[in-house]
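In what follows, a structure is listed as structure tokens, so that the remarks can point back to it.
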Amino acid sequence: MSAVDYHGQTTLITGASAGIGVEFARRIAQRGSHVVLVARRRERLEKLAAELTAAHGIRATAIPLDLSLPAAGQALAEETARRGLSVTSVVNNAGFGTFGPFHTEDPRRLSEEISVDVANLVDITRAFIEPLRASGTGVLVNVASMAAYLPVPNMAVYAAAKAFVLHFTEALWHESRGTGLRVLALSPGATDTEFFDVVGTDGADGGTKRQSPQEVVATALRTLDRRTPPPSVISGRLNRVMASLGRASSRRRAVMMMGATTTAPDPA
């Protein structure tokens, strides 16, 4: 196999109202795939859907949905079936982080973070992976993070959630071998998106240079187009170096290194 043929496919993309999700939608629609856009913000989704339909002549469908609520996969499977959409590819991009010492975090917000970043990513993947495997032509991309490779003080839940996404997706890569479905865990580092607005501080980027969503998505699509794609990819040379340093260090040193780069917010 070589490059992915997206023509005639239908790709479901979560977190499609901003940042990396928008860029995935634009790039995949440009390659000829119909798209199903999922996020909370209806107005943004419908505007993007109209843009993609006009620009590329594909079918773009907006499905507003709060992914912090349970059973998102079942809801999306039922809604896409009701609309006569046969999903052949999925990009699980939705996610957010919280920042601060764990003992000061809002329990409800932590629960929402786990629902979006872990529980519903699994639920959506389970809801669609059988038709994805059966079609044998598409992709499953789960967006992890550089945080998946290292423990991150002051972002303890986010880093742990993304470590789950990384390991979960790499396991599915192995399980899906021979089906034609290409499975990839994509790990961006700090990226110029709304992520830091939601987190509430620029300190969460560890002082590293931020990539653009275009760079991150280009890395993912280029990797998927390889004859034998790997189970995961890190976007950005510096990020790959950081991950390598973390693996080569003792666990104590890795935690101390990350703790020195993520400064806790001043107490209110």
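Just remember, in the structure tokens the first chain shown is A, the second B, etc., residues are 1-based per chain, and ligands are 1-based in the order shown.
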For A:Val233, list every protein, DNA or RNA residue within 8 Å, evaluated using only C-alpha atoms, and leave out those in the same chain fewer than 3 positions away; present the list as a VMD selection string.
-> chain A and resid 184 to 187 220 223 230
Write out as a list in words the residues lying within 10 Å of A:Ser145, counting only C-alpha atoms and excluding same-chain residues fewer than 5 positions away.
-> Leu150, Tyr158, Ala159, Ala161, Lys162, Ala163, Val165, Leu166, Ala185, Leu186, Ser187, Pro188, Gly189, Ala190, Val233, Ile234, Ser235 and Asn239 of chain A
Any chance you can output those residues with N, CA and C atoms as a short mmCIF file (atom, residue, chain, number, x, y, z; two decimals), in the first residue's frame?
data_model
loop_
_atom_site.label_atom_id
_atom_site.label_comp_id
_atom_site.auth_asym_id
_atom_site.auth_seq_id
_atom_site.Cartn_x
_atom_site.Cartn_y
_atom_site.Cartn_z
N LEU A 150 5.90 11.74 29.00
CA LEU A 150 6.54 12.16 30.24
C LEU A 150 5.48 12.55 31.27
N TYR A 158 -4.01 15.35 32.59
CA TYR A 158 -3.88 15.47 31.14
C TYR A 158 -2.78 14.56 30.60
N ALA A 159 -1.61 14.60 31.23
CA ALA A 159 -0.50 13.77 30.77
C ALA A 159 -0.84 12.29 30.89
N ALA A 161 -3.84 10.99 30.83
CA ALA A 161 -4.87 10.69 29.82
C ALA A 161 -4.23 10.47 28.45
N LYS A 162 -3.27 11.32 28.11
CA LYS A 162 -2.64 11.20 26.80
C LYS A 162 -1.72 9.98 26.72
N ALA A 163 -1.14 9.58 27.84
CA ALA A 163 -0.38 8.33 27.86
C ALA A 163 -1.31 7.15 27.56
N VAL A 165 -4.04 7.33 25.73
CA VAL A 165 -4.37 7.40 24.30
C VAL A 165 -3.24 6.80 23.46
N LEU A 166 -2.02 7.13 23.80
CA LEU A 166 -0.86 6.61 23.06
C LEU A 166 -0.82 5.09 23.11
N ALA A 185 -1.36 7.04 16.36
CA ALA A 185 -1.39 7.97 17.48
C ALA A 185 -0.52 9.17 17.11
N LEU A 186 -1.12 10.33 17.08
CA LEU A 186 -0.42 11.56 16.72
C LEU A 186 -0.13 12.36 17.98
N SER A 187 1.15 12.68 18.20
CA SER A 187 1.53 13.42 19.41
C SER A 187 2.13 14.77 19.04
N PRO A 188 1.31 15.82 19.07
CA PRO A 188 1.87 17.17 18.89
C PRO A 188 2.54 17.62 20.18
N GLY A 189 3.46 18.54 20.06
CA GLY A 189 3.91 19.27 21.23
C GLY A 189 3.03 20.50 21.37
N ALA A 190 3.55 21.55 21.98
CA ALA A 190 2.80 22.80 22.10
C ALA A 190 2.43 23.31 20.71
N VAL A 233 3.44 8.75 15.95
CA VAL A 233 4.40 9.73 15.45
C VAL A 233 4.35 10.97 16.34
N ILE A 234 5.51 11.56 16.57
CA ILE A 234 5.63 12.82 17.30
C ILE A 234 5.86 13.92 16.28
N SER A 235 5.11 14.99 16.38
CA SER A 235 5.25 16.10 15.44
C SER A 235 6.28 17.09 15.95
N ASN A 239 10.49 18.09 19.70
CA ASN A 239 9.63 17.24 20.52
C ASN A 239 10.12 15.79 20.53
#
Mind giving me the straight-line distance from atom CA of A:Ala3 to atom CA of A:Thr80 in Å, one decimal?
->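 Taking atom CA of A:Ala3 as the start and atom CA of A:Thr80 as the end point, the length is 26.6 Å.
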Could you pull the residues within 7 Å of stretch 120-136 of chain A, counting only C-alpha atoms, minus those fewer than 3 positions along the same chain, as a ChimeraX atom specification?
-> /A:67,70-74,77,88-89,92,115-117,179-181
Report the residues of stretch 54-93 of chain A whose backbone DSSP state falls under strand (DSSP E), written as number ranges by chain.
-> A: 60-64, 89-92
Go through A:Ser86, A:Thr104, A:Ser17, A:Thr98 and flag the residue nearest A:Pro64, using only C-alpha atoms for the distances.
->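 Closest to A:Pro64, using only C-alpha atoms: A:Ser17.
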